[in-house]
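Asks: Contents of data.cif (mmCIF, C-alpha atoms):
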```
data_run
#
loop_
_atom_site.label_atom_id
_atom_site.label_comp_id
_atom_site.auth_asym_id
_atom_site.auth_seq_id
_atom_site.Cartn_x
_atom_site.Cartn_y
_atom_site.Cartn_z
CA ARG A 279 90.71 118.83 73.67
CA LEU A 280 91.49 115.19 74.13
CA GLY A 281 94.69 115.03 72.08
CA HIS A 282 96.25 118.06 73.76
CA THR A 283 97.24 116.12 76.89
CA MET A 284 99.15 113.55 74.85
CA LEU A 285 100.80 116.27 72.78
CA LEU A 286 101.92 118.17 75.87
CA ASN A 287 103.39 114.96 77.30
CA PHE A 288 105.35 114.40 74.08
CA ILE A 289 106.72 117.94 74.15
CA SER A 290 107.64 117.95 77.83
CA ASN A 291 109.57 114.72 77.36
CA GLN A 292 111.53 116.22 74.45
CA GLY A 293 112.94 119.14 76.44
CA PRO A 294 112.86 121.57 73.48
CA LYS A 295 114.34 125.07 73.57
CA ASN A 296 112.48 126.51 70.57
CA ILE A 297 108.93 125.62 69.48
CA LEU A 298 106.88 126.71 66.47
CA ASP A 299 103.10 126.43 66.56
CA TYR A 300 101.99 126.76 62.95
CA GLY A 301 98.35 127.86 62.75
CA CYS A 302 98.11 128.73 66.43
CA GLY A 303 94.63 130.30 66.21
CA SER A 304 93.63 132.01 69.44
CA GLY A 305 96.48 130.26 71.21
CA ASP A 306 94.66 128.14 73.81
CA LEU A 307 96.93 125.14 73.30
CA THR A 308 100.00 127.21 72.46
CA LYS A 309 99.73 128.91 75.85
CA GLU A 310 100.25 125.52 77.49
CA ILE A 311 103.02 124.58 75.06
CA SER A 312 104.89 127.78 75.90
CA GLN A 313 105.77 126.64 79.39
CA TYR A 314 108.06 123.95 77.96
CA ALA A 315 110.40 126.14 75.87
CA GLU A 316 112.65 129.16 76.05
CA TYR A 317 111.19 130.60 72.83
CA VAL A 318 107.86 129.95 71.12
CA LEU A 319 106.78 131.40 67.79
CA TRP A 320 103.03 131.60 67.17
CA LEU A 321 102.18 131.78 63.47
CA ASP A 322 98.73 132.25 61.98
CA ILE A 323 97.09 133.70 58.89
CA SER A 324 94.47 135.58 60.94
CA SER A 325 95.35 138.97 62.46
CA GLU A 326 92.20 138.82 64.58
CA LEU A 327 93.11 135.47 66.14
CA LEU A 328 96.68 136.59 66.76
CA LYS A 329 95.38 139.67 68.61
CA ILE A 330 93.22 137.41 70.79
CA ALA A 331 96.20 135.12 71.42
CA GLU A 332 98.45 138.02 72.38
CA SER A 333 95.86 139.60 74.67
CA ASN A 334 95.45 136.28 76.51
CA ASN A 335 99.15 135.61 76.98
CA LYS A 336 101.81 138.14 77.86
CA ALA A 337 104.64 135.69 78.47
CA THR A 338 107.99 137.13 77.44
CA ASN A 339 109.15 133.98 75.63
CA ILE A 340 106.43 134.23 72.95
CA GLN A 341 106.56 135.98 69.58
CA TYR A 342 103.50 136.45 67.36
CA ARG A 343 103.76 136.65 63.58
CA LYS A 344 101.21 136.74 60.79
CA ILE A 345 102.05 134.60 57.76
CA TRP A 346 100.12 134.92 54.50
CA ASP A 347 102.40 132.87 52.29
CA ILE A 348 104.15 129.72 53.50
CA ASN A 349 106.81 130.25 50.83
CA LYS A 350 107.94 133.44 52.58
CA LEU A 351 108.72 131.69 55.85
CA LYS A 352 112.45 131.62 55.18
CA LYS A 353 112.41 135.42 54.93
CA ILE A 354 111.07 135.87 58.46
CA VAL A 355 112.25 132.78 60.33
CA LYS A 356 115.74 131.36 60.73
CA TRP A 357 116.26 127.96 59.07
CA LYS A 358 116.78 124.99 61.42
CA LEU A 359 115.74 127.06 64.42
CA PHE A 360 113.11 124.83 66.01
CA ASP A 361 113.31 121.70 68.12
CA VAL A 362 109.58 121.00 67.87
CA ILE A 363 106.89 122.10 65.40
CA THR A 364 103.20 121.56 66.07
CA LEU A 365 100.17 121.75 63.78
CA ASN A 366 96.89 121.29 65.59
CA TYR A 367 93.83 120.82 63.38
CA VAL A 368 95.58 122.81 60.65
CA LEU A 369 96.43 120.40 57.83
CA CYS A 370 92.87 119.06 57.80
CA THR A 371 91.75 122.49 56.53
CA ILE A 372 94.00 122.39 53.44
CA PRO A 373 92.18 121.22 50.26
CA LEU A 374 95.05 120.18 47.97
CA LYS A 375 97.83 117.65 48.41
CA ILE A 376 100.30 119.87 46.61
CA ASP A 377 99.73 122.56 49.25
CA LEU A 378 100.03 120.04 52.07
CA SER A 379 103.33 118.88 50.63
CA ASN A 380 104.60 122.44 50.32
CA ILE A 381 103.71 123.28 53.93
CA LEU A 382 105.45 120.15 55.21
CA SER A 383 108.48 120.90 53.06
CA GLN A 384 108.80 124.49 54.29
CA LEU A 385 108.45 123.39 57.91
CA TYR A 386 111.04 120.68 57.31
CA GLY A 387 113.55 123.44 56.62
CA LEU A 388 112.73 125.17 59.93
CA LEU A 389 113.19 122.03 62.01
CA LYS A 390 116.55 121.06 63.49
CA ASP A 391 117.99 117.70 62.45
CA ASN A 392 116.70 114.75 64.50
CA TRP A 393 113.91 116.79 66.12
CA LYS A 394 110.17 116.29 65.70
CA ILE A 395 107.01 117.58 64.10
CA TYR A 396 103.60 116.76 65.61
CA ILE A 397 100.39 116.90 63.58
CA GLN A 398 96.97 116.55 65.20
CA ASN A 399 93.91 115.81 63.03
CA PRO A 400 90.34 114.60 63.55
CA ASN A 401 90.15 110.85 63.03
CA ARG A 402 87.77 110.43 60.13
CA ASP A 403 89.54 107.20 59.11
CA ASP A 404 87.86 105.43 62.04
CA SER A 405 85.15 107.73 63.38
CA ASN A 406 83.46 109.56 60.51
CA GLY A 407 79.90 110.48 61.44
CA LYS A 408 80.49 110.27 65.20
CA SER A 409 79.62 112.99 67.70
CA PHE A 410 82.10 113.82 70.46
CA LYS A 411 82.24 116.28 73.33
CA THR A 412 84.05 119.01 71.42
CA TYR A 413 83.05 118.33 67.82
CA THR A 414 80.97 116.23 65.46
CA LEU A 415 82.51 114.63 62.38
CA ASN A 416 79.53 115.03 60.09
CA LYS A 417 79.15 112.15 57.69
CA LYS A 418 79.15 112.50 53.93
CA GLY A 419 78.53 108.97 52.72
CA ASN A 420 81.68 107.08 51.79
CA ILE A 421 84.30 109.79 51.85
CA LYS A 422 87.33 109.61 49.62
CA SER A 423 90.66 111.38 49.30
CA GLY A 424 90.34 115.16 49.05
CA ASP A 425 86.62 115.30 49.87
CA LEU A 426 85.22 118.39 51.57
CA VAL A 427 83.81 117.35 54.95
CA ILE A 428 82.07 119.41 57.63
CA THR A 429 83.16 119.43 61.25
CA THR A 430 80.75 121.02 63.75
CA LEU A 431 82.56 122.56 66.70
CA ALA A 432 80.92 122.78 70.11
CA THR A 433 81.24 126.07 72.02
CA ASN A 434 80.70 127.28 75.58
CA THR A 435 77.85 129.48 74.39
CA ASN A 436 75.79 126.61 72.97
CA ASN A 437 76.15 128.05 69.50
CA PRO A 438 78.01 125.38 67.53
CA PHE A 439 79.44 126.33 64.18
CA ASP A 440 80.61 124.45 61.10
CA VAL A 441 84.09 124.48 59.61
CA ASN A 442 85.25 123.10 56.28
CA ASP A 443 87.77 120.27 56.50
CA TYR A 444 89.27 118.07 53.81
CA PHE A 445 89.78 114.35 54.14
CA TYR A 446 93.05 112.55 53.56
CA THR A 447 93.84 109.21 55.16
CA GLN A 448 96.48 108.70 57.79
CA TRP A 449 98.46 106.73 55.23
CA GLU A 450 98.32 109.62 52.75
CA TYR A 451 99.72 111.97 55.39
CA THR A 452 102.44 109.41 56.08
CA GLU A 453 103.34 109.26 52.38
CA LEU A 454 103.49 113.07 52.19
CA LEU A 455 105.82 113.23 55.17
CA GLN A 456 108.05 110.52 53.73
CA SER A 457 108.24 112.26 50.35
CA VAL A 458 109.52 115.42 52.03
CA GLY A 459 112.17 113.54 54.01
CA TYR A 460 110.66 112.92 57.43
CA LYS A 461 111.42 109.55 59.04
CA ASN A 462 110.42 107.35 62.00
CA ILE A 463 106.78 108.27 61.45
CA LYS A 464 104.34 107.11 64.12
CA ILE A 465 100.57 107.52 64.32
CA HIS A 466 99.07 107.73 67.81
CA ILE A 467 95.36 106.90 67.89
CA ILE A 468 93.68 108.68 70.81
CA TYR A 469 90.78 107.51 72.93
CA GLY A 470 89.19 109.16 75.96
CA ASP A 471 88.59 108.01 79.51
CA SER A 472 84.85 107.34 79.84
CA ASN A 473 84.93 108.91 83.33
CA LYS A 474 85.98 112.26 81.86
CA TRP A 475 84.54 112.15 78.34
CA ARG A 476 81.44 110.86 76.62
CA GLN A 477 81.14 107.16 76.00
CA ALA A 478 81.84 107.89 72.32
CA GLU A 479 85.42 108.98 73.08
CA SER A 480 86.19 105.70 74.82
CA THR A 481 84.64 103.63 72.00
CA TYR A 482 85.72 105.61 68.95
CA SER A 483 88.87 107.65 68.42
CA PRO A 484 88.06 111.34 67.82
CA CYS A 485 91.59 112.33 66.81
CA TYR A 486 95.12 111.17 66.17
CA ILE A 487 98.62 112.62 66.36
CA ILE A 488 101.29 111.98 63.76
CA GLU A 489 104.84 112.12 65.11
CA ALA A 490 107.73 112.38 62.66
CA VAL A 491 111.47 113.02 62.87
CA LYS A 492 113.62 115.15 60.56
#
```
With the file now loaded, output its structure as structure tokens.
Replies:
Amino acid sequence: RLGHTMLLNFISNQGPKNILDYGCGSGDLTKEISQYAEYVLWLDISSELLKIAESNNKATNIQYRKIWDINKLKKIVKWKLFDVITLNYVLCTIPLKIDLSNILSQLYGLLKDNWKIYIQNPNRDDSNGKSFKTYTLNKKGNIKSGDLVITTLATNTNNPFDVNDYFYTQWEYTELLQSVGYKNIKIHIIYGDSNKWRQAESTYSPCYIIEAVK
């Protein structure tokens, strides 16, 4: 995906030792992230996806853990262990602000002081209703905070499927991060090279990355 290249550049420039990928899914991006750290923890709610991730990557610096309840993180993971935490298309699937705040708060405790969290989301602020190479941000009139929105994902088998996302503005995410204690928050709006992507990616931004410091 388009934002992955920027995210990998951010991580490689940080020189982290320990990385947490929260909501790693099948681990396609996490596999690339793993080359930049001594230890990488892959967390996801889905046992099936974690099995796929583990079968596709046997690197010795990776640990896989299933997490049902974000509030139990401190029981399985050491506090202030990680130099970098990533969430890729994860927070956009959470319906309620109170749950978003709780996730960000729990992850804040896992992050070392002065290190960074990176959050990648589809850019519905600027590109709602647009169709891109890897997904379509289906339009639902004038969307407002907390609205359920449908994202259609493209696949290699030509069988696209819909996922439920929830819309919060970039500013709302910024406010949530600030309320937890994160600082130096930056939003990176991502566009694509028209030679590699559709014209839509070079005209409209399909995604953005939020960078914040503990």
Asks: Taking 5 positions as the minimum chain separation for residues in the same chain, which residues sit within 10 Å of Asn339 of chain A when counting all atoms listed in the file? Answer as an MDAnalysis selection string.
Replies: chainID A and resid 296 312:313 315:319
Asks: Using C-alpha atoms, can you write the selected residues to a file as a compact mmCIF listing (two decimals), in the frame of the given file?
Replies:
```txt
# COMPACT_ATOMS: atom_id res chain seq x y z
CA ASN A 296 112.48 126.51 70.57
CA SER A 312 104.89 127.78 75.90
CA GLN A 313 105.77 126.64 79.39
CA ALA A 315 110.40 126.14 75.87
CA GLU A 316 112.65 129.16 76.05
CA TYR A 317 111.19 130.60 72.83
CA VAL A 318 107.86 129.95 71.12
CA LEU A 319 106.78 131.40 67.79
```
Asks: Give as a list in words the set of residues within 12 Å of the point (77.4, 125.2, 61.8), where distances use the file's coordinates and all atoms listed in the file.
Replies: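 Protein and nucleic acid residues near the point are Tyr413, Thr414, Leu415, Asn416, Ile428, Thr429, Thr430, Leu431, Ala432, Thr433, Asn436, Asn437, Pro438, Phe439, Asp440, Val441 and Asn442 of chain A.
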Asks: I'd like to know which of A:Ile488, A:Ile381, A:Leu369, A:Gln398 is closest to Phe445 of chain A, using all atoms listed in the file.
Replies: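 Selected residue with least distance to Phe445 of chain A: A:Leu369.
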Asks: Anything within 12 Å of (108.6, 137.5, 65.0): list those residues as a list in words, counting all atoms listed in the file and sticking to the file's coordinates.
Replies: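 Those residues, ordered by chain and then number, are Leu298, Tyr317, Val318, Leu319, Trp320, Leu321, Asp322, Asn339, Ile340, Gln341, Tyr342, Arg343, Lys344, Ile345, Leu351, Lys353, Ile354, Val355 and Lys356 of chain A.
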Asks: For Asn462 of chain A, which residue out of A:Gln384, A:Ser333, A:Asn392, A:Asn291 is the nearest one, using all atoms listed in the file?
Replies: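 Of A:Gln384, A:Ser333, A:Asn392, A:Asn291, the one nearest Asn462 of chain A, counting all atoms listed in the file, is A:Asn392.
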Asks: Just checking: using all atoms listed in the file, which residue out of A:Ser483, A:Asn349, A:Asn334, A:Ser324 ends up closest to Lys411 of chain A?
Replies: A:Ser483
